Amino acid sequence: MASSVFDRETMLDLLVNVIPLAILLFFIGVFAVANPFGGNPVYTYLQFAIVGLTFVLLLILTYFSARAVATDERRIEGTIWEELPPGGVPTGAEGAGEALPDDESDTSETELPADEAESTEGAESAASPEGADGDDADDEA
Amino acid sequence: MAIGDQIILTVLMGVFLLGVVAWLSRVGALRSTSSLSGGGAVGEESGYTHEEKPGGIIRWLTTVDHKDIGILYGVYAVVAFAWGGLAAFLIRAELTTPGVDVLSGLGGANTYNALLTSHGITMLFLFGTPIIAAFGNYFIPLLIDADDMAFPRINAIAFWMLPPAALLIWAGFFLNPFMEGIAAAKTSWVMYPPISAQQTAAGATSGVPNPGTDLMLLGLHLSGVSATMGAINFIATIFTERGDDVGWANLDIFSWTMLTQSSLILFAFPLLGSALIMLLLDRNFATTFFTVEGGSPILYQHLFWFFGHPEVYILVLPPMGIVSYLLPRFSGRKLFGFKFVVYSTLAIGVLSFGVWAHHMFTSGIDPRIRASFMAVSLAIAIPSAVKTFNWITTMWNGRLRLTTPMLFCIGFISNFILGGVTGVFLAAVPVDLVLHDTYYVVGHFHYIVMGAIGFAAFAAIYYWFPIVTGRMYQRTLAKWHFWLSMIGTNITFFAMILLGYGGMPRRYASYNAISVGPLQYLTNLHVIASIGAVILLIGQVIWLWNMANSYLEGRPLEGADPWNLKEDGMWTREWEWYESQRETALTDGGEEDEEIVADGGEPSEMSAADEAESDE
């Protein structure tokens with residue numbers, strides 16, 4: 001299960017955490033190569049431990065969170081998403097409207113709220129409800 | 001006093017307290033012990049009705065309903081915000097002249113230092129954390145389709161620890177007029193020893209330590225316990241109380257950030273508690289945890305900042321969640337890269353524990369260790385920057401509606417970029433060595449705490465005001481509030497950045513004797529910063545008036561969708577709940593009134609709505 005959820009889409013989503021991981025890795029390399037302050041049994045150990053431990057913890061959290069999210073995504077794909085009515089998300093499934101389209105853009109683009117919002121049909125209502133600010137502003141009691 | 005007298009007094013006090021308990025239990029008609037006894041029937045689960053909620057003040061003193069506790073947190077935070085804001089205003093007033101002039105009749109530099117300390121601690125612990133808890137308590141259970149928080153009573157206890165915490169933290173100010181030996185703490189919010197272990201009420205470094213500082217430390221500890229209990233509650237709620245169709249993939253972004261924030265609290269606040277206890281022991285029992293000849297003051301700094309830096313993210317992650325949650329509603333588009341925001345939030349959670357010593361670059365710690373903390377500090381900039389790009393991309397080509405919540409969200413992004421970029425520079429050791437302890441740092445973090453966190457809080461208040469009150473705020477006043485806040489924030493805190501470049505040190509009540517830069521240059525910038533503070537103050541007074549007046553007399557909502565969310569397919573659970581509440585209230589006997597008040601359809605508020613309407 002764990003390996004199957006780490007598909008291309010999930011890995012792309014994880015890119016956001018790969019970058020700080022790469023930065024940490026880069027500095028570990030730099031500290032290993034360039035060490036202008038010399039070695040010290042305590043401080044050198046601490047130097048690598050701070051960056052290394054942070055790297056490992058971030059890696060672990062990223063792995064488990066990605067597994068949880070991707071696994072749950074599969075569950076939703078198998079239930080809610082396929083039943084999604086054209087033109088919007090089911091009431092209350094707000095997160096699905098935000099989370100899922102990232103992965104589903106190739107198959108269900110026409111169902112996305114974003115596309116709906118970009119239609120010219122909605123443009124006229126762009127000013128509401130605050131478009132009437134001026135009118136409502138004198139409501140002060 | 002003789003022992004016999006003391007026993008009699010104790011017995012009398014016991015009888016009195018028993019009488020109070022008996023009276024409360026009768027007056028409030030406290031019937032149910034269910035977690036929903038506060039009438040917190042959510043959604044369709046209407047097994048409990050609002051009739052179980054006692055009326056008047058008893059309701060607020062005894063409630064375990066997450067929505068009521070959310071409101072209590074909110075009101076508490078506003079009171080603290082007023083205290084902290086007025087302290088800031090006095091600080092800015094004093095700094096308009098190079099000498100100690102404005103506060104000279106009120107205690108001079110000592111009062112300045114006390115106000116500075118109180119401002120920092122109040123804004124971070126008594127305003128920042130509680131205002132986030134306010135939104136979390138009210139909306140997390142609604143957003144995740146839970147009946148209530150996992151532990152409603154612990155939720156209430158966590159809140160009720162905060163008022164005594166505030167009284168203790170501010171106690172020095174209250175007691176000083178009556179007791180000469182007690183004064184408000186003057187330690188600054190970081191409370192570094194040795195000064196925090198030695199300072200007397202008069203500000204001297206030898207003599208009897210100021211008991212006002214002890215009271216503040218105890219209050220701070222209490223607020224930490226409260227925050228920890230709240231965090232445990234949020235974690236348990238989000239993990240165990242989610243509705244059947246709410247999974248990790250479609251959990252809303254605000255809940256994600258609250259979950260991460262609560263985890264940070266769980267790991268960070270115990271460190272603060274430990275450090276505070278050790279500090280109290282050093283002060284009162286002659287221990288040597290943080291003395292120069294003992295554990296050393298640097299030990300305190302490590303302990304404090306191991307808490308202190310995650311605290312920054314404890315305060316900023318939920319506001320980031322709020323902005324991520326609100327922006328799409330007024331952009332007509334889904335949040336760009338929802339999972340990017342989720343994963344980067346979690347990344348910040350982990351990385352925030354690996355950066356603490358960047359606050360200590362100038363303290364003489366080993367350069368190898370400084371290099372490591374610089375590396376992690378630079379790495380943590382990435383997840384924050386990712387979010388910024390996500391927000392901008394969400395708005396890109398969107399159908400923007402510049403409502404007040406949206407304006408505050410955009411203001412958040414603008415200020416966050418300024419505060420964030422200035423922070424990246426500070427992460428670099430060589431730059432920090434120059435700018436450390438100058439106003440550059442003050443400007444940097446105020447862009448975040450006021451310009452970003454404060455703005456997100458205002459965005460959320462305006463966005464959810466209709467749900468909580470059933471009324472709409474006055475929109476013109478709200479826009480005045482935004483623009484005054486935006487302009488005031490940027491004038492005040494950009495001037496501070498420039499002051500920092502000029503070398504102006506932090507925490508100085510007077511600057512006529514320093515020689516770091518041209519005095520006129522520093523004075524002018526201080527005056528500009530203070531003008532910005534006045535603009536900010538005017539904006540916040542307008543906001544307070546708007547909230548109070550609109551709550552009492554604002555126009556009742558005509559529908560359950562004041563933001564036209566349905567139109568864009570952005571209808572979410574909390575509004576769905578609100579709609580069902582309105583419908584339930586109608587069938588409960590509100591037929592004669594089309595405009596129903598929210599917040600559980602309280603009969604008392606119903607009548608308030610009627611009265612307000614009849615006034616119109």
# chains A, B, ... in the order shown; residues from 1 in each chain; ligands from 1
call {"tool": "residues_around", "arguments": {"residues": "region 239-253 of chain B", "least_positions_apart": "2", "cutoff": "9 Å", "atoms": "only C-alpha atoms", "output": "number ranges by chain"}}
result
A: 65, 68-76, 80, 93-100; B: 141, 143-150, 234-237, 255-259, 321-322, 324-325, 338-339, 341-342
call {"tool": "residues_around", "arguments": {"residues": "region 380-387 of chain B", "least_positions_apart": "2", "cutoff": "6 Å", "atoms": "only C-alpha atoms", "output": "ChimeraX atom specification"}}
result
/B:341,344,377-378,389-390
call {"tool": "closest_atom_pairs", "arguments": {"of": "chain B", "to": "chain A", "cutoff": "6 Å", "atoms": "only C-alpha atoms", "output": "tab-separated table"}}
result
residue	atom	partner	partner_atom	distance
B:Trp248	CA	A:Val69	CA	5.0
B:Ala249	CA	A:Val69	CA	4.8
B:Asn250	CA	A:Gly95	CA	3.9
B:Leu251	CA	A:Gly95	CA	5.3
B:Asp252	CA	A:Gly95	CA	4.8
B:Gly332	CA	A:Ala117	CA	5.1
B:Arg333	CA	A:Ala114	CA	4.3
B:Lys334	CA	A:Glu98	CA	5.5
B:Leu335	CA	A:Glu98	CA	6.0
B:Phe338	CA	A:Ala99	CA	5.4
B:Phe340	CA	A:Asp13	CA	5.9
B:Val350	CA	A:Leu58	CA	5.9
B:Arg368	CA	A:Gln47	CA	5.8
B:Ile369	CA	A:Gln47	CA	5.0
B:Ser372	CA	A:Gln47	CA	5.5
B:Ala379	CA	A:Pro20	CA	4.9
B:Thr403	CA	A:Glu130	CA	5.6
B:Gln474	CA	A:Ala137	CA	6.0
B:Arg475	CA	A:Ala137	CA	5.5
B:Thr476	CA	A:Ala137	CA	5.0
B:Asp568	CA	A:Ala117	CA	5.8
B:Gly569	CA	A:Gly88	CA	5.6
B:Thr572	CA	A:Gly92	CA	5.0
B:Arg573	CA	A:Gly92	CA	4.7
call {"tool": "closest_residue", "arguments": {"among": "B:Leu217, B:Ala88, B:Ile542, B:Leu498", "to": "Trp480 (chain B)", "atoms": "only C-alpha atoms"}}
result
B:Ile542
call {"tool": "atom_distance", "arguments": {"atom1": "CA of Leu162 (chain B)", "atom2": "CA of Leu126 (chain B)"}}
result
7.7 Å
call {"tool": "select_by_dssp", "arguments": {"residues": "region 185-250 of chain B", "states": "helix (DSSP H, G or I)", "output": "PyMOL selection string"}}
result
chain B and resi 195-198+211-240
